[in-house]
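Quick look at data.cif (mmCIF, C-alpha atoms and all ligand atoms):
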```cif
data_final
#
loop_
_atom_site.label_atom_id
_atom_site.label_comp_id
_atom_site.auth_asym_id
_atom_site.auth_seq_id
_atom_site.Cartn_x
_atom_site.Cartn_y
_atom_site.Cartn_z
CA MET A 1 -8.93 -20.65 -10.07
CA ALA A 2 -9.18 -17.65 -12.35
CA ASN A 3 -10.36 -14.16 -11.41
CA PRO A 4 -9.29 -13.77 -7.81
CA ALA A 5 -11.48 -11.32 -5.91
CA PRO A 6 -9.78 -7.94 -5.65
CA ALA A 7 -7.99 -7.41 -2.35
CA ILE A 8 -9.60 -5.07 0.15
CA SER A 9 -8.38 -1.55 -0.60
CA LEU A 10 -6.35 0.72 1.67
CA ALA A 11 -9.22 3.20 1.35
CA GLU A 12 -11.59 0.68 2.89
CA PHE A 13 -9.30 0.09 5.86
CA ALA A 14 -8.96 3.88 6.29
CA ALA A 15 -12.74 4.25 6.18
CA ARG A 16 -13.12 1.60 8.90
CA ARG A 17 -10.69 3.49 11.14
CA ALA A 18 -12.48 6.78 10.41
CA ARG A 19 -15.80 5.23 11.38
CA LEU A 20 -14.40 3.92 14.63
CA LEU A 21 -12.80 7.32 15.38
CA ALA A 22 -16.17 9.00 14.83
CA GLN A 23 -17.79 6.63 17.31
CA LEU A 24 -15.05 7.23 19.88
CA LYS A 25 -15.53 10.95 19.38
CA ARG A 26 -19.24 10.58 20.06
CA ASP A 27 -18.40 8.83 23.30
CA GLY A 28 -16.54 11.73 24.90
CA ASN A 29 -13.43 11.53 22.72
CA ALA A 30 -12.38 8.24 24.29
CA ILE A 31 -8.99 6.80 23.36
CA GLY A 32 -8.93 3.31 21.85
CA LEU A 33 -6.13 0.79 21.61
CA ILE A 34 -6.05 -2.15 19.22
CA LEU A 35 -3.26 -4.58 19.94
CA ALA A 36 -2.11 -7.04 17.30
CA GLY A 37 -0.91 -9.43 19.99
CA ASP A 38 2.46 -11.07 20.48
CA ALA A 39 3.85 -13.82 18.30
CA ASP A 40 4.88 -17.05 19.91
CA ALA A 41 8.05 -18.76 18.80
CA SER A 42 6.13 -21.75 17.49
CA LEU A 43 7.34 -23.39 14.32
CA SER A 44 4.24 -25.54 14.18
CA HIS A 45 1.60 -23.00 13.32
CA SER A 46 1.40 -19.63 11.65
CA TRP A 47 0.71 -16.40 13.50
CA ARG A 48 -2.29 -14.19 12.95
CA PRO A 49 -2.90 -10.84 14.56
CA ASN A 50 -5.92 -10.14 16.72
CA PRO A 51 -8.78 -9.98 14.20
CA ASN A 52 -9.76 -6.47 15.29
CA PHE A 53 -6.27 -5.33 14.36
CA GLU A 54 -6.44 -7.17 11.04
CA TYR A 55 -9.89 -5.66 10.36
CA LEU A 56 -8.68 -2.11 10.93
CA THR A 57 -5.29 -2.30 9.23
CA GLY A 58 -5.06 -5.33 6.93
CA ILE A 59 -1.60 -5.87 8.41
CA THR A 60 -0.98 -9.52 9.20
CA ASP A 61 2.78 -9.78 9.72
CA GLU A 62 3.58 -7.30 12.50
CA ALA A 63 3.38 -9.03 15.86
CA SER A 64 3.23 -6.69 18.87
CA ALA A 65 1.96 -3.79 16.75
CA ILE A 66 -0.37 -1.31 18.44
CA LEU A 67 -2.94 1.01 16.91
CA LEU A 68 -3.69 4.09 19.02
CA LEU A 69 -6.91 5.91 18.20
CA ASP A 70 -7.30 9.39 19.62
CA PRO A 71 -10.24 11.18 17.97
CA ALA A 72 -9.46 14.59 19.51
CA HIS A 73 -5.73 14.71 18.87
CA PRO A 74 -4.97 18.32 17.86
CA VAL A 75 -2.76 17.05 15.03
CA LYS A 76 -5.17 15.43 12.61
CA SER A 77 -2.60 12.98 11.21
CA LYS A 78 -2.00 11.70 14.75
CA ARG A 79 -5.59 10.65 15.40
CA VAL A 80 -4.45 7.26 14.19
CA GLN A 81 -0.96 6.20 15.22
CA LEU A 82 0.58 2.83 14.43
CA PHE A 83 3.40 1.54 16.62
CA LEU A 84 5.64 -1.26 15.37
CA ARG A 85 8.24 -3.37 17.12
CA PRO A 86 11.74 -1.93 16.58
CA LEU A 87 13.89 -3.55 13.93
CA ASN A 88 16.28 -6.22 15.11
CA PRO A 89 18.67 -7.29 12.35
CA GLU A 90 19.81 -10.34 14.27
CA LEU A 91 16.29 -11.62 14.86
CA GLU A 92 15.32 -10.82 11.29
CA LYS A 93 17.94 -13.27 10.02
CA TRP A 94 15.66 -15.88 11.55
CA ASP A 95 12.23 -14.42 11.04
CA GLY A 96 12.49 -12.39 7.87
CA PHE A 97 13.27 -8.89 6.72
CA ARG A 98 11.25 -5.97 8.13
CA ALA A 99 11.11 -2.50 6.62
CA GLN A 100 12.34 0.82 7.97
CA VAL A 101 9.70 3.34 8.89
CA SER A 102 9.59 5.44 5.73
CA THR A 103 7.27 7.24 3.39
CA ALA A 104 7.08 3.99 1.44
CA LEU A 105 5.91 2.01 4.48
CA LYS A 106 3.35 4.69 5.35
CA GLY A 107 2.09 4.48 1.78
CA GLN A 108 2.02 0.70 1.87
CA TYR A 109 -0.16 0.70 4.98
CA GLY A 110 -2.08 3.91 4.21
CA ILE A 111 -1.27 5.22 7.69
CA ALA A 112 0.45 8.61 8.01
CA THR A 113 1.86 8.21 11.51
CA ILE A 114 4.01 5.14 12.10
CA LEU A 115 6.35 4.99 15.07
CA ARG A 116 8.23 2.34 17.01
CA ASN A 117 6.76 0.71 20.11
CA THR A 118 9.47 2.40 22.15
CA GLY A 119 7.53 5.66 21.74
CA PHE A 120 4.14 4.21 22.66
CA ALA A 121 4.10 4.91 26.42
CA ARG A 122 4.86 8.59 25.87
CA ALA A 123 2.29 8.97 23.09
CA LEU A 124 -0.41 7.28 25.17
CA LEU A 125 0.34 9.52 28.16
CA GLU A 126 0.11 12.62 25.98
CA SER A 127 -3.29 11.57 24.65
CA ALA A 128 -4.55 10.32 28.01
CA LYS A 129 -3.69 13.54 29.86
CA ARG A 130 -5.96 15.40 27.50
CA ALA A 131 -8.74 12.87 26.91
CA LYS A 132 -8.99 11.37 30.41
CA ARG A 133 -11.19 8.71 28.85
CA PHE A 134 -10.32 5.22 27.64
CA ALA A 135 -12.52 2.91 25.57
CA CYS A 136 -12.31 -0.86 25.88
CA LEU A 137 -12.67 -2.15 22.32
CA HIS A 138 -11.52 -5.77 22.58
CA ALA A 139 -14.02 -8.27 23.97
CA LEU A 140 -14.23 -8.44 27.76
CA ALA A 141 -12.81 -11.55 29.37
CA ALA A 142 -14.30 -13.89 31.97
CA HIS A 143 -12.95 -13.39 35.48
CA THR A 144 -10.94 -16.60 35.15
CA ALA A 145 -9.16 -15.39 31.99
CA PRO A 146 -6.29 -12.91 31.76
CA ILE A 147 -7.38 -9.25 31.56
CA SER A 148 -7.53 -8.11 27.93
CA ALA A 149 -4.40 -6.27 26.88
CA ASP A 150 -6.09 -2.92 26.22
CA LEU A 151 -7.87 -2.96 29.58
CA ALA A 152 -4.64 -3.84 31.39
CA ILE A 153 -2.87 -0.83 29.85
CA PHE A 154 -5.81 1.47 30.58
CA ARG A 155 -5.94 0.38 34.20
CA GLU A 156 -2.25 1.08 34.66
CA SER A 157 -2.64 4.47 32.95
CA ALA A 158 -5.75 5.41 34.93
CA LEU A 159 -3.86 4.81 38.18
CA ARG A 160 -1.47 7.57 37.15
CA ILE A 161 -3.98 10.07 35.73
CA PRO A 162 -6.44 11.52 38.23
CA GLY A 163 -9.99 11.56 36.91
CA ALA A 164 -9.34 9.15 34.03
CA THR A 165 -12.24 6.79 33.33
CA ILE A 166 -12.57 3.57 31.36
CA THR A 167 -15.68 2.97 29.30
CA ASP A 168 -17.04 -0.21 27.71
CA LEU A 169 -17.29 0.19 23.94
CA THR A 170 -16.78 -3.50 23.23
CA HIS A 171 -19.92 -3.54 21.08
CA LEU A 172 -18.47 -1.21 18.40
CA LEU A 173 -16.17 -3.59 16.55
CA PRO A 174 -18.58 -6.57 16.51
CA ALA A 175 -21.23 -4.22 15.09
CA MET A 176 -18.83 -3.09 12.36
CA ARG A 177 -17.25 -6.45 11.61
CA SER A 178 -20.52 -8.34 11.40
CA VAL A 179 -21.82 -6.32 8.46
CA LYS A 180 -19.60 -7.30 5.57
CA SER A 181 -18.64 -4.93 2.76
CA ALA A 182 -18.84 -5.90 -0.90
CA ALA A 183 -15.08 -6.54 -0.89
CA GLU A 184 -15.34 -8.77 2.17
CA ILE A 185 -18.23 -10.71 0.65
CA ALA A 186 -16.12 -11.26 -2.46
CA GLN A 187 -13.34 -12.81 -0.31
CA MET A 188 -15.88 -14.95 1.52
CA GLN A 189 -17.44 -16.12 -1.74
CA ARG A 190 -13.99 -17.15 -2.89
CA ALA A 191 -13.37 -19.04 0.36
CA ALA A 192 -16.72 -20.76 -0.25
CA ASP A 193 -15.88 -21.60 -3.87
CA ILE A 194 -12.53 -23.08 -2.88
CA THR A 195 -14.29 -25.06 -0.18
CA ALA A 196 -16.64 -26.46 -2.84
CA LEU A 197 -13.63 -27.83 -4.74
CA GLY A 198 -12.41 -29.43 -1.53
CA PHE A 199 -15.72 -31.12 -0.83
CA ALA A 200 -15.86 -32.49 -4.38
CA ALA A 201 -12.42 -34.04 -3.84
CA ALA A 202 -13.42 -35.36 -0.42
CA LEU A 203 -16.49 -37.06 -1.82
CA ARG A 204 -14.25 -38.96 -4.24
CA ALA A 205 -11.92 -39.94 -1.37
CA ALA A 206 -14.62 -41.09 1.06
CA ARG A 207 -14.62 -44.75 0.09
CA PRO A 208 -14.65 -47.86 2.27
CA GLY A 209 -11.08 -48.80 3.15
CA GLN A 210 -9.92 -45.19 3.32
CA THR A 211 -9.51 -43.45 6.67
CA GLU A 212 -11.05 -40.28 8.00
CA PHE A 213 -7.59 -38.77 7.60
CA ASP A 214 -7.59 -39.57 3.87
CA VAL A 215 -10.78 -37.52 3.57
CA GLN A 216 -9.22 -34.66 5.55
CA GLU A 217 -6.15 -34.80 3.32
CA ALA A 218 -8.26 -34.72 0.15
CA VAL A 219 -10.33 -31.75 1.22
CA GLU A 220 -7.38 -29.71 2.48
CA HIS A 221 -5.13 -30.54 -0.46
CA ALA A 222 -7.80 -29.27 -2.83
CA TYR A 223 -8.08 -26.00 -0.86
CA LYS A 224 -4.38 -25.40 -1.16
CA SER A 225 -4.25 -26.31 -4.84
CA ALA A 226 -7.02 -23.75 -5.42
CA GLY A 227 -5.15 -20.91 -3.73
CA ALA A 228 -6.06 -21.11 -0.03
CA ARG A 229 -3.06 -21.01 2.29
CA GLU A 230 -4.86 -22.25 5.39
CA THR A 231 -7.95 -24.03 6.57
CA ALA A 232 -10.34 -21.81 8.51
CA TYR A 233 -10.32 -24.28 11.43
CA ARG A 234 -9.35 -27.86 12.15
CA THR A 235 -11.19 -30.21 9.80
CA ILE A 236 -13.65 -32.58 11.44
CA ALA A 237 -13.97 -35.88 9.53
CA GLY A 238 -15.94 -38.40 11.56
CA SER A 239 -17.55 -41.59 10.35
CA GLY A 240 -19.95 -43.89 12.17
CA PHE A 241 -19.94 -43.15 15.90
CA ASN A 242 -17.44 -40.32 15.37
CA ALA A 243 -20.05 -38.49 13.29
CA THR A 244 -21.90 -37.89 16.57
CA VAL A 245 -18.93 -36.17 18.23
CA LEU A 246 -19.38 -32.46 17.50
CA HIS A 247 -15.74 -31.41 17.49
CA TYR A 248 -14.12 -34.74 16.61
CA HIS A 249 -10.56 -34.03 15.48
CA ALA A 250 -8.69 -37.33 15.71
CA ASN A 251 -9.75 -38.20 12.13
CA LYS A 252 -7.95 -41.53 12.34
CA ASN A 253 -10.50 -44.32 11.93
CA PRO A 254 -11.06 -46.39 8.82
CA ILE A 255 -14.38 -45.61 7.18
CA ALA A 256 -16.71 -48.47 6.45
CA ALA A 257 -19.56 -49.09 4.04
CA GLY A 258 -22.94 -48.43 5.59
CA GLU A 259 -21.66 -45.57 7.78
CA LEU A 260 -22.39 -41.89 7.55
CA LEU A 261 -19.43 -39.53 7.43
CA VAL A 262 -19.70 -35.98 8.74
CA LEU A 263 -17.18 -33.66 7.10
CA ASP A 264 -17.02 -30.18 8.69
CA SER A 265 -14.36 -28.13 6.97
CA GLY A 266 -13.66 -24.77 5.36
CA ALA A 267 -10.93 -22.96 3.49
CA SER A 268 -9.58 -19.62 4.60
CA PHE A 269 -9.03 -17.06 1.86
CA ALA A 270 -7.48 -13.63 2.42
CA GLY A 271 -8.18 -14.20 6.10
CA TYR A 272 -11.88 -14.95 5.61
CA ALA A 273 -13.41 -18.27 6.62
CA ALA A 274 -15.79 -20.68 5.01
CA ASP A 275 -17.43 -23.21 7.34
CA VAL A 276 -19.30 -26.06 5.72
CA THR A 277 -20.60 -29.45 6.83
CA ARG A 278 -21.86 -32.25 4.65
CA THR A 279 -22.87 -35.74 5.67
CA PHE A 280 -22.21 -38.53 3.16
CA ALA A 281 -23.24 -42.15 3.01
CA VAL A 282 -19.86 -43.84 2.68
CA ALA A 283 -20.93 -46.48 0.17
CA GLY A 284 -23.27 -44.06 -1.56
CA ARG A 285 -26.53 -45.39 -0.19
CA PHE A 286 -28.57 -44.42 2.90
CA THR A 287 -30.46 -46.92 5.03
CA ALA A 288 -34.10 -45.99 5.66
CA ARG A 289 -33.18 -44.78 9.16
CA GLN A 290 -30.25 -42.69 7.90
CA GLN A 291 -32.51 -41.30 5.20
CA LEU A 292 -35.14 -40.28 7.77
CA VAL A 293 -32.60 -38.47 9.96
CA TYR A 294 -30.89 -36.85 6.97
CA SER A 295 -34.09 -35.57 5.43
CA THR A 296 -35.21 -34.18 8.81
CA VAL A 297 -31.94 -32.24 9.20
CA LEU A 298 -32.17 -31.00 5.62
CA LYS A 299 -35.75 -29.85 6.09
CA ALA A 300 -34.76 -28.09 9.31
CA GLN A 301 -31.81 -26.44 7.60
CA LEU A 302 -33.89 -25.18 4.67
CA ALA A 303 -36.46 -23.76 7.10
CA ALA A 304 -33.71 -22.03 9.08
CA ILE A 305 -32.10 -20.60 5.93
CA LYS A 306 -35.45 -19.17 4.94
CA ALA A 307 -35.60 -17.46 8.34
CA CYS A 308 -32.30 -15.59 7.71
CA ARG A 309 -34.02 -12.30 7.01
CA VAL A 310 -33.30 -8.73 8.02
CA GLY A 311 -34.70 -8.18 11.51
CA ALA A 312 -34.74 -11.86 12.54
CA THR A 313 -32.62 -12.91 15.52
CA MET A 314 -30.32 -15.93 15.68
CA ASN A 315 -32.90 -17.30 18.06
CA ASP A 316 -35.59 -17.04 15.36
CA VAL A 317 -33.30 -18.92 12.96
CA ASP A 318 -32.64 -21.56 15.62
CA SER A 319 -36.36 -21.96 16.36
CA ALA A 320 -37.18 -22.49 12.69
CA ALA A 321 -34.86 -25.51 12.59
CA ARG A 322 -35.66 -26.79 16.06
CA LYS A 323 -39.38 -26.84 15.32
CA VAL A 324 -38.85 -29.24 12.39
CA ILE A 325 -36.48 -31.50 14.33
CA THR A 326 -38.69 -31.60 17.41
CA ALA A 327 -41.80 -32.33 15.36
CA ALA A 328 -39.97 -35.31 13.85
CA GLY A 329 -39.24 -36.61 17.37
CA PHE A 330 -35.49 -35.87 17.39
CA GLY A 331 -35.59 -32.77 19.66
CA ASP A 332 -33.24 -34.28 22.26
CA TYR A 333 -30.62 -35.02 19.61
CA PHE A 334 -30.11 -31.45 18.33
CA ILE A 335 -27.71 -30.49 21.08
CA HIS A 336 -26.13 -27.25 19.87
CA GLY A 337 -27.13 -23.84 18.59
CA ILE A 338 -28.08 -23.19 14.99
CA GLY A 339 -24.92 -21.31 14.00
CA HIS A 340 -22.71 -18.29 14.39
CA HIS A 341 -21.39 -15.25 12.58
CA LEU A 342 -18.62 -15.93 10.09
CA GLY A 343 -15.82 -13.69 8.83
CA LEU A 344 -12.19 -13.18 9.79
CA GLU A 345 -12.86 -15.73 12.52
CA VAL A 346 -14.78 -18.95 12.08
CA HIS A 347 -16.81 -18.06 15.16
CA ASP A 348 -16.80 -14.40 14.25
CA ALA A 349 -17.48 -11.33 16.37
CA ASP A 350 -21.12 -11.49 17.42
CA PRO A 351 -23.00 -8.20 17.62
CA ALA A 352 -25.91 -9.87 19.50
CA THR A 353 -28.38 -7.83 17.45
CA PRO A 354 -31.02 -8.85 14.90
CA LEU A 355 -29.76 -9.76 11.44
CA GLN A 356 -28.92 -6.99 9.00
CA ALA A 357 -28.17 -7.03 5.29
CA GLY A 358 -24.49 -7.89 4.81
CA MET A 359 -24.21 -10.22 7.78
CA VAL A 360 -22.90 -13.73 7.10
CA ILE A 361 -23.90 -16.54 9.41
CA THR A 362 -23.72 -20.31 9.38
CA VAL A 363 -26.85 -22.43 9.56
CA GLU A 364 -25.91 -25.87 10.84
CA PRO A 365 -28.58 -28.03 12.44
CA GLY A 366 -27.73 -31.61 13.32
CA ILE A 367 -29.08 -34.77 14.86
CA TYR A 368 -26.68 -36.96 16.83
CA ILE A 369 -27.70 -40.40 18.11
CA PRO A 370 -24.56 -41.98 19.63
CA GLN A 371 -26.29 -45.24 20.57
CA GLU A 372 -26.98 -45.78 16.86
CA SER A 373 -23.58 -44.42 15.71
CA LEU A 374 -25.63 -42.06 13.62
CA GLY A 375 -24.81 -38.38 13.24
CA VAL A 376 -25.96 -35.90 10.60
CA ARG A 377 -25.09 -32.20 10.31
CA ILE A 378 -25.62 -29.96 7.30
CA GLU A 379 -24.04 -26.50 7.33
CA ASP A 380 -24.00 -23.63 4.87
CA ASP A 381 -22.80 -20.04 4.93
CA ILE A 382 -25.62 -17.56 4.46
CA LEU A 383 -25.41 -13.93 3.41
CA VAL A 384 -28.36 -11.92 4.73
CA THR A 385 -29.68 -9.52 2.10
CA ARG A 386 -32.62 -7.15 1.83
CA GLY A 387 -34.30 -9.87 -0.21
CA ALA A 388 -33.92 -13.63 -0.09
CA PRO A 389 -30.94 -15.04 1.83
CA LYS A 390 -27.98 -15.92 -0.38
CA VAL A 391 -26.28 -19.27 0.22
CA LEU A 392 -22.58 -18.63 -0.44
CA THR A 393 -21.89 -22.37 -0.32
CA ALA A 394 -24.75 -23.39 -2.64
CA ALA A 395 -22.31 -25.06 -5.05
CA ILE A 396 -21.72 -27.88 -2.56
CA PRO A 397 -24.37 -30.58 -3.14
CA LYS A 398 -26.53 -31.80 -0.29
N1 LIG B 1 -17.00 -25.69 12.28
C1 LIG B 1 -16.99 -25.90 13.66
C2 LIG B 1 -17.98 -25.09 14.41
O1 LIG B 1 -18.65 -24.27 13.84
O2 LIG B 1 -18.07 -25.22 15.60
MN MN B 2 -19.84 -23.73 12.11
#
```
As C-alpha cells - that is how I would like this structure written.
Amino acid sequence: MANPAPAISLAEFAARRARLLAQLKRDGNAIGLILAGDADASLSHSWRPNPNFEYLTGITDEASAILLLDPAHPVKSKRVQLFLRPLNPELEKWDGFRAQVSTALKGQYGIATILRNTGFARALLESAKRAKRFACLHALAAHTAPISADLAIFRESALRIPGATITDLTHLLPAMRSVKSAAEIAQMQRAADITALGFAAALRAARPGQTEFDVQEAVEHAYKSAGARETAYRTIAGSGFNATVLHYHANKNPIAAGELLVLDSGASFAGYAADVTRTFAVAGRFTARQQLVYSTVLKAQLAAIKACRVGATMNDVDSAARKVITAAGFGDYFIHGIGHHLGLEVHDADPATPLQAGMVITVEPGIYIPQESLGVRIEDDILVTRGAPKVLTAAIPK
C-alpha cells in the first residue's frame, strides 16, 4: 500500500513522558517505574514490551529495560532515566547486535540519560531517599496473580527507607493511552485499511469445501502482503456451530453451504491493533432465520455506533445495542459486553471514564444460538470525535 502513515515522532514520545512527569510532580513528586518486561527464550512467538513502556518510549526491542521517572531530580536531564540490559557479545551472536550507550543511541531514542541496568538499584535508592514516595503506574493485579513488577520493587525499597509511601496512580496511563493522538489515529487507520484488504481476501476464500483455516490463512496472508508484520490477536474463524463460540481458535472444520461464518480478525500495524468481525453466509445466501438474526445484530450495532459520543459511557453504548436485541426477543443470546478500548493492545487500557474525543473503541454486538448452530457478530472500530463517530473500519462491507 502506498503512503504509509508517518511514524510517531520522538517529540511525541518525549511529550508523553513530560506529561506523566508533570502528573507525578502534582502527586507529591512520586517516583514512577515503567518496566519493559523480560523476554522469554521462545522461538515460537515474537516479544513485545509492556505496552506502557512502548507507549512512553517507542522502544520495542529492549527486553528488561526500565524507565525511571523522578520529577524532582535536581539534575533536569535525570528526571527521565532509561536503563538497558548490559551488552553480552556471546548472547548477541544468537539474538542480534545491540548498540553501545552513546550519543547516537541517546539521539535515536530521544532520551538524554541512558545507563545499564547494573546501575539501576543505586539510581533508584538515590531518588527514593529524596522523594520518599513511589507511584504504582502499571495496572494492579488480582490477589491470585504475581505482584506487578513496579510494586514489587517499591515494596522492597520501602522496607529499607523509613517513611517511604506507595501511592496508586494506576489511572494515569490508561487516561493518557485511551485518548489517541493524530499520529496514533493514523497508525490505527492503516491497521484498519490493511484489515479491509484481509477481509476482502477472506470473503473470496470462504467457499464450501474450504476449511476455517483456509479463511484464516487468506485473511492473514493479505495483512502481511499489505505491510503488517503481525495479527493483533489470534484470528477466530468459526462456521456453523463454531460461530457461536466467542473465542473459537481451532479454526479446523470444513465450511459448508448454508452455514454462517464468523470471522473475527485484525492486523497490527506499528504496534496498533484493528479488531473487526464480519459474519458471512458461506454460499452467499441467508436463510430467513439467519437474515432475521443478522439484521437484528446490524441494527443493534448501528444504534450502538450512534451512541459513541463524547460524554457517553461504555454502558450507554452497550444499552443502545442491548435494547434492540432484547426488543427482537434475542436478549438471552447477547452474552458479552458491547466492546472495549483499542490501541497498542487489542483489549486496550481502559480509563473507566466517559468517552472523550480521540478514544477508539470496538462496537461488537452478537447473537449466539448454539442449539441452532447460528452465531452472528458484527464489529467495527470507532473513533469518538466532537461530532459524529468515525468508523475506522467502514471500508469493510457488512
Ligand atoms: N477480538 C476478540 C475480542 O475482542 O475479544
Ligand atoms: Mn473485539
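Relative to CA of Leu172 (chain A), CA of Ala270 (chain A) is found at 23.0 Å.
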Close residues, region 335-338 of chain A itself excluded, 7 Å, only C-alpha atoms, min 5 positions apart in chain, as a JSON list (two decimals) with C-alpha atoms, in the coordinates of the input:
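Contents of part_29.json, freshly written:
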```
[["chain", "number", "residue", "atom", "x", "y", "z"],
["A", 318, "ASP", "CA", -32.64, -21.56, 15.62],
["A", 363, "VAL", "CA", -26.85, -22.43, 9.56],
["A", 364, "GLU", "CA", -25.91, -25.87, 10.84],
["A", 365, "PRO", "CA", -28.58, -28.03, 12.44]]
```
Return as a tab-separated table the residues of chain A lying at most 7 Å from ligand LIG 1 (chain B), together with the closest atom-to-atom pair for each and the distance in Å to one decimal, counting all atoms listed in the file, with rows in chain order and ascending residue number.
```
residue	atom	partner	partner_atom	distance
A:Tyr233	CA	B:LIG1	N1	6.9
A:His247	CA	B:LIG1	C1	6.8
A:Asp264	CA	B:LIG1	N1	5.7
A:Ser265	CA	B:LIG1	N1	6.4
A:Asp275	CA	B:LIG1	N1	5.5
A:Val276	CA	B:LIG1	N1	7.0
A:Gly339	CA	B:LIG1	O1	6.9
A:Val346	CA	B:LIG1	O1	6.8
A:His347	CA	B:LIG1	O1	6.6
```
Export of prior selection with C-alpha atoms as a PDB file, in the coordinates of the input:
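This went into selection_16.pdb:
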```pdb
ATOM      1  CA  TYR A 233     -10.320 -24.280  11.430  1.00  0.00           C
ATOM      2  CA  HIS A 247     -15.740 -31.410  17.490  1.00  0.00           C
ATOM      3  CA  ASP A 264     -17.020 -30.180   8.690  1.00  0.00           C
ATOM      4  CA  SER A 265     -14.360 -28.130   6.970  1.00  0.00           C
ATOM      5  CA  ASP A 275     -17.430 -23.210   7.340  1.00  0.00           C
ATOM      6  CA  VAL A 276     -19.300 -26.060   5.720  1.00  0.00           C
ATOM      7  CA  GLY A 339     -24.920 -21.310  14.000  1.00  0.00           C
ATOM      8  CA  VAL A 346     -14.780 -18.950  12.080  1.00  0.00           C
ATOM      9  CA  HIS A 347     -16.810 -18.060  15.160  1.00  0.00           C
TER      10      HIS A 347
END
```
So how many Å separate CA of Ala250 (chain A) and CA of Ile236 (chain A), to one decimal?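 One can read the CA of Ala250 (chain A) to CA of Ile236 (chain A) distance as 8.1 Å.
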Asn253 (chain A): which residues within 12 Å, counting only C-alpha atoms, same-chain residues fewer than 6 positions away excluded, as a list in words?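 In the requested format, the answer is Pro208, Gly209, Gln210, Thr211, Glu212, Phe213, Asp214, Val215, Gln216, Ala237, Gly238, Ser239, Gly240, Phe241, Asn242, Ala243, Glu259 and Leu261 of chain A.
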Could you tell me how far CA of Ser295 (chain A) lies from CA of Leu246 (chain A), in Å and to one decimal?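 Between CA of Ser295 (chain A) and CA of Leu246 (chain A) the gap is 19.3 Å.
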Extract, using only C-alpha atoms, all DNA, RNA and protein residues at most 12 Å from Lys224 (chain A), discarding same-chain residues fewer than 5 positions from it, and format them as a PyMOL selection string. chain A and resi 1+191+194-195+197-198+217-219+229-232+266-269
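Minimum atom-to-atom distance to Leu383 (chain A), evaluated using all atoms listed in the file, belongs to A:Gly343 out of A:Pro86, A:Pro397, A:Pro254, A:Gly343.
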Measuring atom to atom with all atoms listed in the file, identify which of A:Leu342, A:Leu302, A:Leu33, A:Met359 is nearest to ligand MN 2 (chain B).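 Looking only at the distances to ligand MN 2 (chain B), the closest residue turns out to be A:Leu342.
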Residues within 8 Å of region 18-29 of chain A, all atoms listed in the file, excluding chain neighbours under 3 positions, as an MDAnalysis selection string: chainID A and resid 14:15 32 69:72 79 131 133 135 172:173
Pick out the closest residue to ligand MN 2 (chain B) from this set: A:Gly366, A:Gly107, A:Pro89, A:Gly331. Count all atoms listed in the file. A:Gly366
Nearest candidate to Gly37 (chain A) (options A:His138, A:Arg285, A:His341, A:Lys106; using all atoms listed in the file): A:His138
Quick one: residues within 10 Å of (-27.8, -15.4, 0.9) (file frame), counting only C-alpha atoms, please, as a list in words.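 Residues close enough to count: Ile305, Lys306, Cys308, Arg309, Ala357, Gly358, Met359, Val360, Ile361, Asp380, Asp381, Ile382, Leu383, Val384, Thr385, Arg386, Gly387, Ala388, Pro389, Lys390, Val391, Leu392, Thr393 and Ala394 of chain A.
Among the candidates A:Gln301, A:Ala36, A:Thr296, A:Tyr272, the one nearest to Glu184 (chain A) when counting all atoms listed in the file is A:Tyr272.
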Nearest to ligand MN 2 (chain B), chosen from A:Thr235, A:Thr244, A:Asn251, A:Ser157, with only C-alpha atoms and all ligand atoms counted in the distances: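 Among the listed residues, the smallest separation from ligand MN 2 (chain B) belongs to A:Thr235.
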